[in-house]
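Working notes, structure below.
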Amino acid sequence: MDVPADRSRPASALPAHPSHREAVRSPRRRRPTGAAPPLPYRLQTSGVGWLVAALVLVGLTLAIFARGLRGPAVTATVIDDAVVGWLAGLYGPGAAPFLRGVAHISSWWVLYTASYGLLLVLLVLRRWRHLIVWFVALQLGSNLIVGLAMVTRRPRPFGVDLQTSWGGWALPSVQVAFLTAILMGVLYTLVPEGRWRNLGKWLAAAVVAVVAVARFALGVDAPTDVLVGVGIGVTIPLLLFRRFTPNEVYPVSYRRGRSAHLDIGGARGAAIRRALADQLGLVVQDIKPFGLSGSAGSTPLRITVDGDPPAQLFGKLYAQSHLRSDRWYKLGRELLYGRLEDEKPFNTVRRLVQQEDYALSLMQRAGLPSPIPHGFVELTPEREYLLVTEFFAGAVELGEAEVDTQVIDDGLGIIRKLWDAGLAHRDIKPANLLVRDGRLLLIDVAFVETRPSPWRQAVDLANMMLCLALRSDPQLVYERALRQFSVEEITEGFAAARGLALPSQLRHMLRAQGRNLHGEFVRLLPSPPQPIRVQRWSARRVGLWALILAFVALVVLNPRVFFDNKEAVQTPLNITSLSCTNLEPLWLQAQAVPSASLVPCVRFLPVGWNVAEVAVNNGRSLITLNHDRAGDRALVVRLTAACEVNGAVEGPSATTGVRHYQRIESPTGQFAAVWYDRFPGGCVTSRLHLTTDPNGEFAAQAPQVLGFTTRAALAEALSQRSDGRLQLDPEAAR
């Protein structure tokens with residue numbers, strides 16, 4: 001392309017190449033306020049639909065069940081239990097093992113295996129962003145489910161046999177919610193978008209539906225429980241993955257290629273054409289990726305636009321993924337070396353593109369042989385931008401070109417001009433040095449620094465000499481350098497160009513040649529340079545390392561906090577009161593041990609005692625009490641269908657129909673005792689363990705804590721609460 005009439009190059013710059021022709025420009029069109037950008041960011045219709053559905057479900061759940069089993073919650077429970085009872089009566093006795101096998105798909109050991117397996121696969125595939133979003137989705141979903149369960153306090157379906165494993169409150173269905181979330185995680189992190197993901201959605205829906213029906217028929221979940229669980233399990237991962245890992249920026253693909261390179265087809269390709277026409281007046285004929293192997297921080301493009309003949313321009317597509325990669329890269333360098341003068345990350349994608357566009361203008365003003373900037377266009381505000389520059393047609397990378405004295409002089413002259421203009425390129429490597437018609441050109445000025453330190457300028461000089469020596473002789477490069485630089489300046493350059501100061505591509509090419517070019521240049525110097533120290537310590541760097549080490553120590557010292565499967569064996573109800581009038585948790589305990597004629601409750605809490613945890617699972621319930629002086633877990637009460645009382649001595653019982661046994665087990669320096677209360681269909685085991693009370697001073701208070709409620713009283717309370725529409729046990733229902 002020819003240089004526009006109003007933009008002549010400085011006299012010191014290379015003359016315009018014949019391939020540089022002016023592109024035909026159409027009138028630019030301003031986007032009206034409120035109009036959508038060329039590539040608008042949307043959650044898509046399905047995402048908005050699931051968000052609305054989830055909000056409605058959660059809102060209705062809170063409105064209906066926030067007061068426990070009262071008012072509209074009773075009506076909803078009657079309808080749910082009727083559906084569960086109808087399904088439970090459809091299958092014969094021989095179908096139960098099959099249904100339990102299907103329901104085991106949602107068992108905790110399957111869910112934990114699948115969850116940790118997905119994390120491991122994402123680690124192996126190095127899909128870090130998908131991994132982080134998936135972990136956050138799990139935490140948000142868990143917290144929402146726990147919060148809803150604490151508010152609703154809904155027991156399991158009444159009047160049916162609970163024939164498979166379960167734990168905790170019924171609403172929402174925790175296991176179905178986690179199964180749904182895991183399937184969504186697999187779809188959005190491992191399955192490519194398109195036909196395969198769409199097929200996977202149908203398969204996932206079928207799996208969840210079959211598991212839900214099996215859990216209905218086995219009596220452990222009701223339709224409302226599953227509906228709310230599925231709403232949460234779909235909505236949170238869907239919204240997070242579409243918001244933070246959109247397929248346009250983070251595609252799930254198994255083809256080789258850099259994650260920095262975005263797909264330019266489909267909606268993005270159309271948006272690029274529209275943005276170039278509206279914002280720069282360029283009519284696009286074709287867009288193709290170009291030079292992907294040498295680019296890791298953007299998506300380079302070759303753009304053909306209308307002209308006579310058609311002109312070619314160069315584009316660099318930047319997105320939030322590139323911005324975040326830049327931030328992580330600079331954070332890693334700060335941890336390893338300390339924050340260097342030029343390592344401050346950009347705040348937005350817009351700032352990143354503005355910096356490069358401004359740097360190109362500075363290079364033109366300094367007379368450097370760099371691409372002419374044509375401006376940049378906005379695809380998605382603050383998310384995606386396209387920088388457009390001159391395209392150096394017919395140029396080849398320095399690593400593939402013939403390097404003669406003219407090319408060497410051009411390269412050294414580029415550094416001298418940078419120094420004179422008060423600039424530093426910061427990324428001198430073969431991929432950023434092109435040769436066309438025997439002259440050297442400089443590209444990729446994204447990280448140009450104004451008013452750099454002498455160290456940074458010296459690094460540019462040494463890197464340029466190393467790049468030129470890859471395709472020539474160090475002796476020749478050194479001799480030509482002495483014509484423009486002093487021995488002291490060259491010595492300073494090789495004192496600074498060590499380790500991280502050399503771009504990775506340059507280091508790899510030096511190793512591939514098997515030559516120590518740095519050492520050869522050092523031997524040419526009158527005296528060996530003293531290496532310049534790169535490590536820099538600051539309060540910020542010390543604080544970052546302290547934070548990382550503290551997190552590692554937290555994980556190592558508290559593995560159960562991060563890798564716990566407590567829900568599988570001891571599901572907490574997240575309540576701190578279990579009085580004998582608090583019916584919802586008492587009904588749930590009665591469902592856990594359907595044969596028990598009595599259910600334990602907290603009759604009285606002496607001063608210093610508090611209920612730490614209540615956990616209920618099929619076949620057992622657990623009540624844990626702490627004492628402010630006797631220690632945590634001072635009293636643990638466990639309800640089961642039966643228990644062994646070997647070695648215990650029978651004593652008087654304070655409750656009619658209960659046989660009381662006691663055994664003292666006091667290790668050195670502590671007081672421990674076990675009490676057994678046996679009654680028809682059940683047994684309560686109470687373990688007293690006083691770590692700071694070796695004499696058992698508080699042991700006399702423990703029997704005052706525990707009380708019992710009869711099953712018949714609980715059944716009568718449920719019948720009264722529901723006006724006779726709900727029955728606690730299947731026998732009563734019939």
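Scheme for the structure tokens: letters A, B, ... for chains in order shown; per-chain residue numbers from 1; ligand numbers from 1 in order shown.
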Note to self: Need to verify the contact set: Leu39 (chain A), 9 Å, only C-alpha atoms, exclusion of same-chain residues closer than 4 positions in sequence. Can you return it as number ranges by chain?
What the structure shows: A: 267-268, 270-272, 275, 378-381, 384
Next item on the list: Tell me which protein, DNA and RNA residues are within 12 Å of Ile132 (chain A), counting only C-alpha atoms, leaving out same-chain ones fewer than 2 positions away, and put them as a PyMOL selection string.
Entry: chain A and resi 118-119+122-123+126-130+134-139+185+189+237+240-241+244-245
Just the selected residues (N, CA and C atoms), exported as a compact mmCIF listing (two decimals), in the first residue's frame, please.
```
# COMPACT_ATOMS: atom_id res chain seq x y z
N LEU A 118 -13.30 -34.98 37.41
CA LEU A 118 -13.38 -33.84 36.50
C LEU A 118 -12.28 -32.83 36.81
N LEU A 119 -12.04 -32.57 38.09
CA LEU A 119 -10.96 -31.65 38.46
C LEU A 119 -9.61 -32.16 37.95
N LEU A 122 -9.32 -31.71 34.14
CA LEU A 122 -9.07 -30.31 33.79
C LEU A 122 -7.64 -29.91 34.12
N LEU A 123 -7.08 -30.47 35.19
CA LEU A 123 -5.68 -30.21 35.49
C LEU A 123 -4.77 -30.77 34.41
N ARG A 126 -4.98 -28.77 31.40
CA ARG A 126 -4.54 -27.40 31.69
C ARG A 126 -5.60 -26.36 31.30
N ARG A 127 -6.83 -26.71 31.56
CA ARG A 127 -7.92 -25.75 31.36
C ARG A 127 -8.17 -25.05 32.69
N TRP A 128 -7.27 -24.15 33.00
CA TRP A 128 -7.27 -23.55 34.34
C TRP A 128 -8.51 -22.71 34.59
N ARG A 129 -8.92 -21.97 33.61
CA ARG A 129 -10.08 -21.11 33.83
C ARG A 129 -11.34 -21.93 34.02
N HIS A 130 -11.52 -22.95 33.20
CA HIS A 130 -12.67 -23.84 33.39
C HIS A 130 -12.62 -24.49 34.77
N TRP A 134 -15.48 -23.99 37.57
CA TRP A 134 -16.16 -25.19 38.06
C TRP A 134 -16.09 -25.27 39.59
N PHE A 135 -14.94 -24.98 40.15
CA PHE A 135 -14.80 -25.01 41.61
C PHE A 135 -15.69 -23.95 42.26
N VAL A 136 -15.72 -22.76 41.68
CA VAL A 136 -16.57 -21.70 42.23
C VAL A 136 -18.05 -22.08 42.11
N ALA A 137 -18.44 -22.69 40.99
CA ALA A 137 -19.83 -23.11 40.81
C ALA A 137 -20.23 -24.12 41.88
N LEU A 138 -19.34 -25.06 42.19
CA LEU A 138 -19.63 -26.04 43.24
C LEU A 138 -19.83 -25.36 44.59
N GLN A 139 -18.95 -24.41 44.91
CA GLN A 139 -19.07 -23.74 46.20
C GLN A 139 -20.34 -22.91 46.29
N GLY A 185 -21.01 -29.50 34.38
CA GLY A 185 -19.57 -29.25 34.35
C GLY A 185 -18.87 -30.03 33.26
N THR A 189 -17.02 -28.13 30.05
CA THR A 189 -15.56 -28.13 30.16
C THR A 189 -14.89 -29.18 29.29
N PRO A 237 -23.93 -23.45 37.26
CA PRO A 237 -22.84 -23.72 36.31
C PRO A 237 -23.07 -23.09 34.95
N LEU A 240 -22.29 -19.29 35.10
CA LEU A 240 -20.88 -19.01 35.34
C LEU A 240 -20.03 -19.38 34.13
N PHE A 241 -20.30 -20.52 33.52
CA PHE A 241 -19.50 -20.91 32.36
C PHE A 241 -19.75 -19.97 31.18
N PHE A 244 -18.01 -16.46 32.28
CA PHE A 244 -16.57 -16.37 32.48
C PHE A 244 -15.76 -17.26 31.53
N THR A 245 -16.39 -18.22 30.87
CA THR A 245 -15.68 -19.03 29.88
C THR A 245 -16.53 -19.16 28.62
```
Residues at most 9 Å from Asp357 (chain A), counting only C-alpha atoms, excluding those fewer than 3 positions away in the same chain, as a short mmCIF file (atom, residue, chain, number, x, y, z; two decimals) with N, CA and C atoms, in the first residue's frame?
```cif
data_model
loop_
_atom_site.label_atom_id
_atom_site.label_comp_id
_atom_site.auth_asym_id
_atom_site.auth_seq_id
_atom_site.Cartn_x
_atom_site.Cartn_y
_atom_site.Cartn_z
N LEU A 352 -5.10 -2.02 26.95
CA LEU A 352 -4.07 -2.81 26.28
C LEU A 352 -3.96 -2.44 24.81
N VAL A 353 -5.11 -2.31 24.14
CA VAL A 353 -5.10 -1.97 22.71
C VAL A 353 -4.68 -0.52 22.51
N GLN A 354 -5.15 0.36 23.37
CA GLN A 354 -4.74 1.76 23.26
C GLN A 354 -3.24 1.92 23.39
N LEU A 360 2.62 2.33 18.36
CA LEU A 360 2.86 2.37 16.92
C LEU A 360 3.05 3.80 16.42
N SER A 361 2.26 4.72 16.97
CA SER A 361 2.41 6.13 16.59
C SER A 361 3.77 6.68 17.02
N LEU A 362 4.20 6.29 18.22
CA LEU A 362 5.53 6.72 18.69
C LEU A 362 6.63 6.18 17.79
N PRO A 373 -0.03 2.40 11.84
CA PRO A 373 -1.30 2.07 12.51
C PRO A 373 -2.50 2.63 11.75
N HIS A 374 -3.57 1.85 11.68
CA HIS A 374 -4.81 2.28 11.06
C HIS A 374 -5.92 2.45 12.09
N GLY A 375 -5.60 2.31 13.39
CA GLY A 375 -6.60 2.46 14.44
C GLY A 375 -7.07 1.10 14.94
N PHE A 376 -8.04 1.12 15.81
CA PHE A 376 -8.60 -0.14 16.32
C PHE A 376 -10.12 0.00 16.41
N LEU A 387 -7.03 -4.46 16.65
CA LEU A 387 -6.06 -3.44 16.22
C LEU A 387 -5.70 -3.70 14.76
N VAL A 388 -5.68 -2.64 13.95
CA VAL A 388 -5.41 -2.77 12.51
C VAL A 388 -4.17 -1.96 12.16
N THR A 389 -3.24 -2.60 11.44
CA THR A 389 -2.00 -1.94 11.03
C THR A 389 -1.66 -2.32 9.60
N VAL A 445 4.79 -4.13 18.80
CA VAL A 445 5.25 -3.09 19.73
C VAL A 445 4.30 -2.93 20.92
N ALA A 446 3.56 -4.00 21.23
CA ALA A 446 2.53 -3.92 22.28
C ALA A 446 3.10 -3.51 23.62
#
```
Identify, with DSSP run on backbone atoms, the residues in region 431-467 of chain A assigned to strand (DSSP E or B), and express the list as a compact mmCIF listing (two decimals) with N, CA, C and O atoms, in the first residue's frame.
```
# COMPACT_ATOMS: atom_id res chain seq x y z
N LEU A 433 11.16 -9.60 14.26
CA LEU A 433 12.08 -8.96 13.32
C LEU A 433 11.87 -9.58 11.94
O LEU A 433 12.10 -10.78 11.75
N LEU A 434 11.39 -8.80 10.99
CA LEU A 434 11.12 -9.29 9.65
C LEU A 434 12.11 -8.69 8.65
O LEU A 434 12.59 -7.56 8.85
N VAL A 435 12.39 -9.47 7.61
CA VAL A 435 13.29 -9.00 6.55
C VAL A 435 12.49 -8.99 5.25
O VAL A 435 11.88 -9.99 4.87
N ARG A 436 12.49 -7.82 4.57
CA ARG A 436 11.82 -7.69 3.27
C ARG A 436 12.71 -6.87 2.35
O ARG A 436 13.14 -5.76 2.73
N ARG A 439 15.92 -5.47 3.89
CA ARG A 439 15.88 -4.49 4.96
C ARG A 439 15.13 -5.07 6.17
O ARG A 439 14.17 -5.85 6.02
N LEU A 440 15.53 -4.66 7.35
CA LEU A 440 14.96 -5.20 8.59
C LEU A 440 13.79 -4.34 9.06
O LEU A 440 13.85 -3.10 9.04
N LEU A 441 12.72 -5.01 9.47
CA LEU A 441 11.51 -4.35 9.95
C LEU A 441 11.23 -4.82 11.38
O LEU A 441 11.51 -5.97 11.75
N LEU A 442 10.61 -3.96 12.17
CA LEU A 442 10.31 -4.24 13.57
C LEU A 442 8.80 -4.25 13.78
O LEU A 442 8.10 -3.30 13.40
N GLU A 449 7.98 0.58 25.96
CA GLU A 449 8.01 1.39 27.18
C GLU A 449 8.66 2.73 26.86
O GLU A 449 9.69 2.80 26.19
N THR A 450 8.02 3.78 27.34
CA THR A 450 8.60 5.11 27.20
C THR A 450 9.41 5.46 28.44
O THR A 450 9.06 5.09 29.55
```
Notebook entry, point to check: From the list A:Val599, A:Leu99, A:Ile264, A:Ala496, which residue is nearest Ala212 (chain A) when using only C-alpha atoms?
Noted result: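 Between A:Val599, A:Leu99, A:Ile264, A:Ala496, the residue approaching Ala212 (chain A) most closely is A:Leu99.
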Notebook entry, point to check: Interatomic distance between CA of Gly68 (chain A) and CA of Asn610 (chain A)?
Noted result: 22.9 Å
Note to self: Using only C-alpha atoms for the distances, tell me which of A:Ala550, A:Ile664, A:Val210, A:Leu706 is nearest to Leu605 (chain A).
What the structure shows: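 For Leu605 (chain A), the nearest of the candidates is A:Leu706.
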